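As stored in entry-v5.txt (compact mmCIF, C-alpha atoms and all ligand atoms):
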```
# COMPACT_ATOMS: atom_id res chain seq x y z
CA MET A 605 258.97 34.60 18.06
CA SER A 606 261.67 32.50 19.71
CA SER A 607 265.40 32.47 19.19
CA SER A 608 267.61 29.51 19.96
CA LYS A 609 270.75 31.68 20.55
CA ARG A 610 269.72 34.08 23.32
CA ARG A 611 268.38 33.20 26.76
CA LYS A 612 264.73 32.26 26.61
CA ARG A 613 262.33 34.47 28.53
CA ILE A 614 259.13 32.93 29.80
CA GLY A 615 256.00 34.13 31.60
CA ILE A 616 253.95 32.23 34.17
CA LEU A 617 250.40 32.91 35.37
CA THR A 618 247.93 31.22 37.68
CA ALA A 619 244.25 31.60 36.73
CA GLY A 620 240.81 30.47 37.92
CA GLY A 621 240.00 29.36 41.47
CA ASP A 622 243.09 28.87 43.61
CA CYS A 623 244.11 25.56 45.18
CA PRO A 624 246.96 24.11 47.22
CA GLY A 625 250.04 23.40 45.08
CA LEU A 626 250.05 26.49 42.84
CA ASN A 627 253.26 27.80 44.39
CA ALA A 628 254.87 24.39 44.11
CA ALA A 629 254.06 24.44 40.38
CA ILE A 630 255.37 28.01 39.92
CA ARG A 631 258.55 26.92 41.72
CA GLY A 632 258.83 23.76 39.60
CA VAL A 633 258.58 25.69 36.34
CA GLY A 634 260.74 28.61 37.46
CA LYS A 635 263.58 26.71 39.09
CA THR A 636 263.88 24.22 36.22
CA ALA A 637 263.76 27.03 33.67
CA ILE A 638 266.44 29.05 35.49
CA VAL A 639 268.72 26.35 36.91
CA ALA A 640 268.63 23.75 34.13
CA HIS A 641 268.10 26.01 31.12
CA GLY A 642 269.30 29.50 32.06
CA MET A 643 265.98 31.08 31.12
CA GLU A 644 264.57 34.34 32.46
CA VAL A 645 261.23 34.07 34.21
CA ILE A 646 258.50 36.59 34.89
CA GLY A 647 255.19 36.08 36.67
CA PHE A 648 251.95 37.83 35.71
CA ARG A 649 249.74 39.00 38.56
CA ALA A 650 246.09 37.94 38.91
CA GLY A 651 245.88 35.45 36.05
CA TYR A 652 245.08 36.69 32.55
CA LEU A 653 244.43 40.18 33.99
CA GLY A 654 248.16 40.65 34.54
CA LEU A 655 248.83 39.66 30.96
CA ILE A 656 246.22 42.11 29.66
CA ASN A 657 247.46 44.96 31.86
CA ASN A 658 251.19 44.20 31.65
CA ASP A 659 251.26 43.71 35.41
CA TYR A 660 254.15 41.40 36.17
CA LEU A 661 257.20 40.80 38.35
CA GLU A 662 260.61 39.33 37.55
CA LEU A 663 261.02 35.95 39.26
CA LYS A 664 264.61 35.28 40.28
CA GLU A 665 265.57 31.90 41.68
CA SER A 666 265.83 33.32 45.21
CA GLN A 667 262.17 34.41 45.02
CA LEU A 668 261.18 30.85 44.21
CA SER A 669 262.77 29.49 47.37
CA GLY A 670 260.58 28.88 50.40
CA ILE A 671 257.26 28.74 48.53
CA LEU A 672 256.91 24.98 48.02
CA THR A 673 254.67 24.48 51.04
CA LEU A 674 252.73 27.76 50.80
CA GLY A 675 249.01 27.64 50.01
CA GLY A 676 247.41 30.08 47.55
CA THR A 677 249.53 31.62 44.81
CA ILE A 678 252.28 34.23 45.13
CA LEU A 679 251.11 35.59 41.75
CA GLY A 680 247.45 36.00 42.70
CA THR A 681 244.64 34.78 40.48
CA SER A 682 241.37 35.87 38.87
CA ARG A 683 238.59 34.40 36.78
CA GLU A 684 239.28 36.88 33.94
CA LYS A 685 238.35 35.40 30.54
CA PRO A 686 240.02 37.69 27.98
CA PHE A 687 238.12 36.39 24.95
CA LYS A 688 234.70 36.78 26.56
CA LEU A 689 232.65 39.86 25.74
CA VAL A 690 230.92 41.05 28.91
CA GLY A 691 227.17 41.47 28.44
CA ASN A 692 226.04 39.52 25.40
CA GLY A 693 228.32 36.50 25.84
CA GLY A 694 230.08 36.92 22.48
CA GLU A 695 233.79 37.10 21.83
CA THR A 696 236.12 40.10 21.81
CA LYS A 697 239.59 40.54 20.34
CA GLU A 698 240.40 43.73 22.30
CA LYS A 699 241.90 42.11 25.38
CA PRO A 700 243.63 39.34 23.38
CA GLU A 701 245.25 42.11 21.30
CA HIS A 702 246.66 43.64 24.51
CA ILE A 703 247.91 40.20 25.51
CA ILE A 704 249.67 39.59 22.20
CA ARG A 705 251.22 43.07 22.24
CA ASN A 706 252.50 42.63 25.82
CA TYR A 707 253.81 39.14 25.08
CA GLU A 708 255.77 40.50 22.11
CA GLU A 709 257.00 43.69 23.80
CA LEU A 710 258.21 41.71 26.80
CA GLY A 711 260.16 39.49 24.42
CA LEU A 712 258.52 36.32 25.70
CA ASP A 713 259.35 32.98 24.13
CA ALA A 714 256.64 31.10 25.98
CA LEU A 715 253.77 31.42 28.42
CA VAL A 716 252.88 28.88 31.10
CA CYS A 717 249.19 28.96 32.08
CA ILE A 718 248.41 27.13 35.32
CA GLY A 719 244.70 26.55 35.80
CA GLY A 720 241.59 24.48 35.30
CA ASN A 721 239.22 23.97 32.38
CA GLY A 722 238.49 27.66 31.76
CA THR A 723 242.19 28.50 31.87
CA MET A 724 243.01 25.73 29.38
CA LYS A 725 240.29 26.97 27.03
CA THR A 726 241.82 30.46 27.02
CA ALA A 727 245.33 29.00 26.77
CA ASN A 728 244.24 27.16 23.64
CA MET A 729 242.74 30.31 22.13
CA LEU A 730 246.00 32.18 22.79
CA ALA A 731 247.92 29.32 21.17
CA GLN A 732 245.63 29.68 18.15
CA GLU A 733 246.61 33.37 18.05
CA GLY A 734 250.26 32.30 17.70
CA LEU A 735 251.56 32.44 21.29
CA ASN A 736 253.80 29.63 22.54
CA VAL A 737 251.68 28.24 25.35
CA VAL A 738 252.09 25.35 27.78
CA GLY A 739 249.24 24.54 30.18
CA ILE A 740 249.48 22.96 33.63
CA PRO A 741 246.25 21.46 35.04
CA LYS A 742 245.18 22.30 38.58
CA THR A 743 241.87 22.20 40.43
CA ILE A 744 240.44 20.66 43.55
CA ASP A 745 237.61 19.38 41.30
CA ASN A 746 239.94 16.99 39.41
CA ASP A 747 237.81 17.48 36.31
CA VAL A 748 240.33 18.62 33.68
CA TRP A 749 240.00 16.52 30.54
CA GLY A 750 243.17 14.83 29.23
CA THR A 751 244.83 14.00 32.55
CA ASP A 752 244.22 11.42 35.25
CA VAL A 753 244.84 13.90 38.03
CA THR A 754 245.13 17.60 38.80
CA PHE A 755 247.07 18.99 41.73
CA GLY A 756 244.93 20.50 44.48
CA PHE A 757 242.64 17.48 44.46
CA ASP A 758 244.61 15.38 46.94
CA SER A 759 244.83 18.29 49.40
CA ALA A 760 241.09 18.93 49.13
CA VAL A 761 240.34 15.22 49.64
CA GLN A 762 242.52 15.35 52.77
CA ILE A 763 240.69 18.39 54.16
CA ALA A 764 237.22 17.02 53.37
CA THR A 765 238.11 13.59 54.79
CA ASP A 766 239.33 15.18 58.01
CA ALA A 767 236.04 17.09 58.26
CA ILE A 768 234.04 13.87 57.72
CA ASP A 769 236.09 12.12 60.43
CA ARG A 770 235.23 14.91 62.84
CA LEU A 771 231.55 14.80 61.92
CA HIS A 772 231.49 11.06 62.65
CA THR A 773 232.25 11.56 66.34
CA THR A 774 229.69 14.29 66.90
CA ALA A 775 227.09 12.44 64.79
CA ASN A 776 227.63 9.39 67.01
CA SER A 777 227.36 11.35 70.26
CA HIS A 778 224.04 12.92 69.25
CA GLN A 779 222.76 10.08 67.09
CA ARG A 780 222.11 12.48 64.25
CA VAL A 781 222.23 12.47 60.51
CA MET A 782 225.10 14.72 59.37
CA ILE A 783 225.14 16.15 55.87
CA ILE A 784 228.47 17.43 54.58
CA GLU A 785 228.54 19.37 51.33
CA VAL A 786 231.82 19.49 49.44
CA MET A 787 232.76 21.44 46.31
CA GLY A 788 232.12 20.17 42.80
CA HIS A 789 229.50 21.85 40.62
CA THR A 790 229.55 19.37 37.75
CA ALA A 791 232.07 16.71 38.76
CA GLY A 792 231.73 14.62 41.91
CA TRP A 793 235.36 13.45 42.27
CA LEU A 794 235.86 15.18 45.59
CA ALA A 795 232.59 13.86 47.06
CA LEU A 796 233.42 10.35 45.82
CA TYR A 797 236.99 10.23 47.12
CA ALA A 798 236.43 12.06 50.43
CA GLY A 799 233.15 10.19 50.88
CA MET A 800 234.81 6.82 50.47
CA ALA A 801 237.93 7.79 52.45
CA GLY A 802 235.76 9.13 55.29
CA GLY A 803 233.39 6.17 55.32
CA GLY A 804 230.33 8.17 54.26
CA ASP A 805 227.13 6.09 54.43
CA ILE A 806 225.51 7.92 51.53
CA ILE A 807 227.45 9.69 48.78
CA LEU A 808 225.64 11.90 46.27
CA LEU A 809 227.32 13.00 43.04
CA PRO A 810 226.11 15.31 40.24
CA GLU A 811 226.77 12.48 37.75
CA LEU A 812 224.41 10.01 39.48
CA PRO A 813 220.72 10.94 39.72
CA TYR A 814 219.54 10.17 43.27
CA ASN A 815 216.11 9.66 44.78
CA ILE A 816 215.39 11.36 48.10
CA ARG A 817 213.19 8.42 49.15
CA SER A 818 216.14 6.05 48.63
CA VAL A 819 218.35 8.29 50.73
CA CYS A 820 215.78 8.32 53.54
CA LYS A 821 215.16 4.55 53.31
CA LYS A 822 218.88 3.93 53.67
CA ILE A 823 219.01 6.11 56.78
CA GLU A 824 215.98 4.39 58.29
CA LYS A 825 217.45 0.97 57.51
CA ARG A 826 220.67 1.92 59.27
CA TYR A 827 218.60 3.04 62.26
CA GLU A 828 216.80 -0.30 62.36
CA GLU A 829 220.17 -2.10 62.14
CA ASN A 830 221.28 -0.34 65.32
CA LYS A 831 223.32 2.29 63.49
CA PRO A 832 221.57 5.34 64.83
CA TYR A 833 223.67 7.92 63.04
CA SER A 834 224.48 8.45 59.36
CA ILE A 835 226.90 10.55 57.33
CA VAL A 836 225.77 11.90 53.96
CA VAL A 837 228.50 13.34 51.72
CA VAL A 838 227.11 15.47 48.91
CA ALA A 839 228.66 17.41 46.03
CA GLU A 840 227.42 20.99 45.87
CA GLY A 841 226.23 20.51 42.26
CA ILE A 842 223.55 17.80 42.71
CA GLU A 843 220.16 18.79 41.37
CA HIS A 844 217.58 19.65 44.00
CA PRO A 845 214.23 21.45 44.03
CA LYS A 846 214.92 24.16 46.63
CA LYS A 847 216.79 27.47 46.61
CA GLY A 848 219.96 27.45 48.72
CA SER A 849 222.54 24.76 49.25
CA ALA A 850 222.20 21.07 48.48
CA ALA A 851 223.03 20.40 52.14
CA SER A 852 220.17 22.52 53.47
CA TYR A 853 217.70 20.89 51.08
CA LEU A 854 218.82 17.40 52.15
CA ALA A 855 218.83 18.23 55.86
CA GLU A 856 215.25 19.50 55.75
CA ALA A 857 213.98 16.66 53.56
CA ILE A 858 215.68 13.92 55.61
CA GLN A 859 214.50 15.27 58.95
CA THR A 860 210.95 15.62 57.60
CA TYR A 861 210.77 12.12 56.08
CA THR A 862 212.67 10.15 58.75
CA GLY A 863 212.01 12.18 61.89
CA ILE A 864 215.70 11.80 62.77
CA GLU A 865 217.51 14.94 63.88
CA THR A 866 219.66 16.15 60.99
CA ARG A 867 222.39 18.81 60.73
CA GLU A 868 224.26 20.23 57.77
CA THR A 869 227.82 21.47 57.18
CA VAL A 870 228.93 23.29 54.04
CA LEU A 871 232.71 23.00 53.92
CA GLY A 872 233.25 25.80 51.37
CA TYR A 873 236.55 27.52 50.69
CA ILE A 874 238.41 25.71 53.48
CA GLN A 875 238.80 23.02 50.80
CA ARG A 876 240.92 25.34 48.69
CA GLY A 877 243.07 26.78 51.46
CA GLY A 878 246.32 25.99 53.22
CA SER A 879 249.39 23.95 52.55
CA PRO A 880 249.39 21.24 49.83
CA THR A 881 249.73 17.57 50.77
CA PRO A 882 253.03 15.83 49.90
CA MET A 883 251.27 14.17 46.91
CA ASP A 884 250.19 17.55 45.55
CA ARG A 885 253.64 19.04 46.14
CA ILE A 886 255.17 16.21 44.13
CA LEU A 887 252.58 16.37 41.35
CA ALA A 888 252.80 20.17 41.02
CA THR A 889 256.60 20.01 41.06
CA ARG A 890 256.64 17.31 38.36
CA TYR A 891 254.16 19.21 36.20
CA GLY A 892 256.15 22.42 36.61
CA ALA A 893 259.49 20.84 35.79
CA PHE A 894 258.01 19.03 32.79
CA ALA A 895 256.43 22.25 31.48
CA ALA A 896 259.88 23.91 31.58
CA GLU A 897 261.31 20.94 29.65
CA CYS A 898 258.56 21.32 27.04
CA ILE A 899 259.58 24.95 26.57
CA ALA A 900 263.26 24.01 26.33
CA GLU A 901 262.32 21.58 23.56
CA ASN A 902 260.00 24.07 21.82
CA CYS A 903 256.98 21.88 22.40
CA PHE A 904 254.02 24.28 22.52
CA GLY A 905 250.24 24.31 22.29
CA VAL A 906 250.09 21.49 24.84
CA MET A 907 248.95 20.78 28.38
CA VAL A 908 251.16 18.61 30.57
CA SER A 909 249.30 15.63 31.98
CA VAL A 910 249.66 12.38 33.87
CA ILE A 911 248.26 9.25 32.26
CA ASP A 912 248.83 5.94 34.08
CA ASN A 913 251.46 7.68 36.22
CA ASP A 914 253.49 8.81 33.18
CA LEU A 915 254.06 12.45 32.31
CA LYS A 916 252.66 13.22 28.85
CA THR A 917 251.58 16.18 26.76
CA VAL A 918 248.07 16.58 25.35
CA PRO A 919 247.26 19.12 22.60
CA LEU A 920 245.46 22.10 24.16
CA GLN A 921 243.05 21.94 21.24
CA GLU A 922 241.78 18.59 22.54
CA VAL A 923 241.43 19.80 26.13
CA GLY A 924 239.59 23.12 25.70
CA GLY A 925 235.89 23.08 26.54
CA LYS A 926 235.72 19.49 27.86
CA LEU A 927 235.19 18.11 31.37
CA ARG A 928 236.31 14.86 32.96
CA LEU A 929 233.34 13.53 34.92
CA VAL A 930 232.94 10.52 37.22
CA ASP A 931 231.88 7.41 35.31
CA PRO A 932 228.81 5.94 37.08
CA ASN A 933 230.62 2.58 36.81
CA HIS A 934 233.84 3.91 38.36
CA PRO A 935 235.50 1.06 40.33
CA LEU A 936 235.23 3.00 43.57
CA ILE A 937 231.46 3.32 43.13
CA LEU A 938 231.09 -0.38 42.35
CA GLU A 939 233.25 -1.31 45.34
CA GLY A 940 231.31 1.08 47.56
CA ARG A 941 227.99 -0.43 46.49
CA LYS A 942 229.24 -3.93 47.32
CA MET A 943 230.07 -2.72 50.84
CA GLY A 944 226.65 -1.19 51.35
CA THR A 945 227.55 2.42 50.67
CA SER A 946 224.55 4.14 49.12
CA PHE A 947 224.75 6.45 46.12
CA GLY A 948 221.13 7.47 46.55
CA ASP A 949 219.78 5.46 43.61
CA GLU A 950 219.35 1.95 45.01
CA TYR A 951 215.73 1.18 45.80
O1 LIG B 1001 236.77 25.23 40.31
C1 LIG B 1001 236.97 24.96 41.66
C2 LIG B 1001 235.86 25.42 42.50
O2 LIG B 1001 236.37 25.29 43.78
C3 LIG B 1001 234.51 24.71 42.43
O3 LIG B 1001 234.42 23.45 43.00
C4 LIG B 1001 233.62 25.73 43.11
O4 LIG B 1001 232.29 25.53 42.85
C5 LIG B 1001 234.15 26.98 42.53
O5 LIG B 1001 235.52 26.76 42.29
C6 LIG B 1001 233.91 28.22 43.33
O6 LIG B 1001 234.71 29.23 42.82
P1 LIG B 1001 234.72 30.78 43.14
O7 LIG B 1001 236.10 31.04 43.66
O8 LIG B 1001 234.50 31.46 41.83
O9 LIG B 1001 233.66 31.06 44.14
```

Show me the file's structure as structure tokens.
Amino acid sequence: MSSSKRRKRIGILTAGGDCPGLNAAIRGVGKTAIVAHGMEVIGFRAGYLGLINNDYLELKESQLSGILTLGGTILGTSREKPFKLVGNGGETKEKPEHIIRNYEELGLDALVCIGGNGTMKTANMLAQEGLNVVGIPKTIDNDVWGTDVTFGFDSAVQIATDAIDRLHTTANSHQRVMIIEVMGHTAGWLALYAGMAGGGDIILLPELPYNIRSVCKKIEKRYEENKPYSIVVVAEGIEHPKKGSAASYLAEAIQTYTGIETRETVLGYIQRGGSPTPMDRILATRYGAFAAECIAENCFGVMVSVIDNDLKTVPLQEVGGKLRLVDPNHPLILEGRKMGTSFGDEY
């Protein structure tokens, strides 16, 4: 599908839940493609939906200026999964056929898919259908397999840590237990990092089974040690027996067992909003620039990644359908335990 003589024409899309740094990545890909390699760049609107419906805009270099610090994505996003048959959970080729036709009619030489696990799974399936695909990993959950880090994570850690700092002062004033629930359905990276950065007393992750009695004992012990307030940082995805949020379950259980006044905060989508941190701007820019280099070198069917601080490529085939979870023996957990931080499983 590609020609080495004419200018290359590439498409970019952002898919899945948004996060800070998406525009920095779009800019990194686009500017490198245009400035260093003279490529033409288009952006598809609303993730894979734009590719299915041929909904796109030309991205000139001037349109890529001034977006580095912007939150969200100038292209929009959606959770559209083109291979998924709505209803019975099977697979369909109808939407992928539209995608392939649009890709060919637009004369694309490559497609850059910026997203998380679901996006990489679809990107791999499109690569299997013969499209030249390069993936860029993003998510505040930091759970994409095949890379040490995704952009969006550092910004979310910053936001959640700031929230924990603020809860500390009000928890202290009222001598309360404060529960803060952060995002992370399956992976607890955000709870672990923000919890440790914010000095959480108890940190609960989906990967580590906790015991509510242990949580309460820890709070009571702190009380006896003249630490009359406690901060509990919990990932939204921990298992619990009640309907509703993990935070509301914990708040009710802790107040009932300990008799200490307890309040809950669910941080929600604030974690995905606003301007990226400098670290995320750098990471997204590096990923974007590297993805453009991959295209220039006709290296396709890969996701760009960072392993031990080095930019690498990983075959999309290896990434699709996997998750990177927190190892229960992660150094930060072991260090936290030594300092007396509870992970809810001690007693
Ligand atoms: O994948 C990132 C994430 O923020 C999860 O942590 C969260 O549970 C989920 O997205 C919520 O996504 P949605 O935008 O579909 O509500």

Taking 5 positions as the minimum chain separation for residues in the same chain, which residues sit within 12 Å of Glu840 (chain A) when counting only C-alpha atoms? Answer as a VMD selection string. chain A and resid 745 783 to 795 807 to 811 848 to 854 869 to 872

Residue neighbourhood Ile823 (chain A), 10 Å, only C-alpha atoms, exclusion window fewer than 5 positions, as a list in words: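 Non-adjacent residues within range: Val781, Asp805, Ile806, Arg817, Ser818, Glu828, Glu829, Lys831, Pro832, Tyr833, Ser834, Ile835, Val836, Ile858, Thr862, Ile864 and Ser946 of chain A.
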
Atoms kept (C-alpha atoms) for selection, written as a PDB file, in the frame of the given file:
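Listed below is the output, out_2.pdb:
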```
ATOM      1  CA  VAL A 781     222.230  12.470  60.510  1.00  0.00           C
ATOM      2  CA  ASP A 805     227.130   6.090  54.430  1.00  0.00           C
ATOM      3  CA  ILE A 806     225.510   7.920  51.530  1.00  0.00           C
ATOM      4  CA  ARG A 817     213.190   8.420  49.150  1.00  0.00           C
ATOM      5  CA  SER A 818     216.140   6.050  48.630  1.00  0.00           C
ATOM      6  CA  GLU A 828     216.800  -0.300  62.360  1.00  0.00           C
ATOM      7  CA  GLU A 829     220.170  -2.100  62.140  1.00  0.00           C
ATOM      8  CA  LYS A 831     223.320   2.290  63.490  1.00  0.00           C
ATOM      9  CA  PRO A 832     221.570   5.340  64.830  1.00  0.00           C
ATOM     10  CA  TYR A 833     223.670   7.920  63.040  1.00  0.00           C
ATOM     11  CA  SER A 834     224.480   8.450  59.360  1.00  0.00           C
ATOM     12  CA  ILE A 835     226.900  10.550  57.330  1.00  0.00           C
ATOM     13  CA  VAL A 836     225.770  11.900  53.960  1.00  0.00           C
ATOM     14  CA  ILE A 858     215.680  13.920  55.610  1.00  0.00           C
ATOM     15  CA  THR A 862     212.670  10.150  58.750  1.00  0.00           C
ATOM     16  CA  ILE A 864     215.700  11.800  62.770  1.00  0.00           C
ATOM     17  CA  SER A 946     224.550   4.140  49.120  1.00  0.00           C
TER      18      SER A 946
END
```

Near Cys903 (chain A), within 10 Å and counting only C-alpha atoms, which residues show up once chain neighbours fewer than 6 positions away are dropped, as a VMD selection string? chain A and resid 714 736 to 738 895 to 897 917

Figure out the distance between CA of Gly620 (chain A) and atom O2 of ligand LIG 1001 (chain B), please, to one decimal in Å. 9.0 Å

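Between Arg890 (chain A) and the candidates A:Gly676, A:Glu662, A:Thr681, A:Ile740, the tightest atom-to-atom separation, counting all atoms listed in the file, involves A:Ile740.
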
Per-axis box centre and lengths in Å around ligand LIG 1001 (chain B), 6 Å margin per side, axis-aligned, as lines of an AutoDock Vina configuration file:
```
center_x = 234.6
center_y = 27.5
center_z = 42.2
size_x = 16.7
size_y = 20.0
size_z = 15.8
```

Select, from A:Phe648, A:Ala640, A:Asn913, A:Arg631, the residue with the minimum atom-to-atom distance to Gly615 (chain A), counting only C-alpha atoms. A:Phe648

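Comparing A:Asp758, A:Asp912, A:Asp747, A:Glu698 by their smallest distance to Thr881 (chain A), the closest is A:Asp758 (using all atoms listed in the file).
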
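Comparing the minimum interatomic distances between ligand LIG 1001 (chain B) and each of A:Gly863, A:Gly803, A:Gly621, A:Gly841, counting all atoms listed in the file, we find that A:Gly621 sits nearest.
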
Which of these, A:Lys699, A:Lys942, A:Arg928, A:Lys742, has the shortest distance to ligand LIG 1001 (chain B) once you count all atoms listed in the file?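 Closest to ligand LIG 1001 (chain B), using all atoms listed in the file: A:Lys742.
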
All heavy atoms for region 623-631 of chain A, written as a compact mmCIF listing (two decimals), in the frame of the given file, could you do that?
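Final output, saved to rebuild.txt:
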```
# COMPACT_ATOMS: atom_id res chain seq x y z
N CYS A 623 244.10 26.87 44.52
CA CYS A 623 244.11 25.56 45.18
C CYS A 623 245.50 25.32 45.74
O CYS A 623 246.46 25.95 45.30
CB CYS A 623 243.72 24.45 44.20
SG CYS A 623 244.97 24.06 42.98
N PRO A 624 245.63 24.41 46.70
CA PRO A 624 246.96 24.11 47.22
C PRO A 624 247.84 23.51 46.12
O PRO A 624 247.39 22.68 45.34
CB PRO A 624 246.68 23.07 48.32
CG PRO A 624 245.24 23.27 48.69
CD PRO A 624 244.56 23.67 47.41
N GLY A 625 249.09 23.95 46.06
CA GLY A 625 250.04 23.40 45.08
C GLY A 625 250.42 24.39 43.99
O GLY A 625 251.36 24.14 43.23
N LEU A 626 249.73 25.53 43.91
CA LEU A 626 250.05 26.49 42.84
C LEU A 626 251.49 27.00 42.97
O LEU A 626 252.22 27.11 41.98
CB LEU A 626 249.07 27.67 42.86
CG LEU A 626 247.67 27.35 42.32
CD1 LEU A 626 246.70 28.47 42.65
CD2 LEU A 626 247.72 27.12 40.81
N ASN A 627 251.89 27.29 44.21
CA ASN A 627 253.26 27.80 44.39
C ASN A 627 254.30 26.72 44.10
O ASN A 627 255.37 27.02 43.58
CB ASN A 627 253.43 28.36 45.80
CG ASN A 627 252.67 29.66 45.97
OD1 ASN A 627 252.62 30.49 45.05
ND2 ASN A 627 252.03 29.83 47.12
N ALA A 628 253.95 25.49 44.43
CA ALA A 628 254.87 24.39 44.11
C ALA A 628 255.05 24.28 42.60
O ALA A 628 256.15 24.00 42.11
CB ALA A 628 254.33 23.08 44.69
N ALA A 629 253.97 24.52 41.85
CA ALA A 629 254.06 24.44 40.38
C ALA A 629 254.87 25.62 39.82
O ALA A 629 255.72 25.44 38.94
CB ALA A 629 252.66 24.41 39.77
N ILE A 630 254.61 26.82 40.35
CA ILE A 630 255.37 28.01 39.92
C ILE A 630 256.86 27.75 40.16
O ILE A 630 257.72 28.01 39.31
CB ILE A 630 254.92 29.27 40.71
CG1 ILE A 630 253.46 29.62 40.39
CG2 ILE A 630 255.86 30.45 40.44
CD1 ILE A 630 252.85 30.66 41.33
N ARG A 631 257.16 27.22 41.35
CA ARG A 631 258.55 26.92 41.72
C ARG A 631 259.15 25.87 40.78
O ARG A 631 260.30 25.99 40.34
CB ARG A 631 258.58 26.43 43.17
CG ARG A 631 259.92 25.94 43.68
CD ARG A 631 259.75 25.55 45.15
NE ARG A 631 260.92 24.90 45.70
CZ ARG A 631 261.17 23.60 45.64
NH1 ARG A 631 260.32 22.79 45.01
NH2 ARG A 631 262.25 23.10 46.21
```
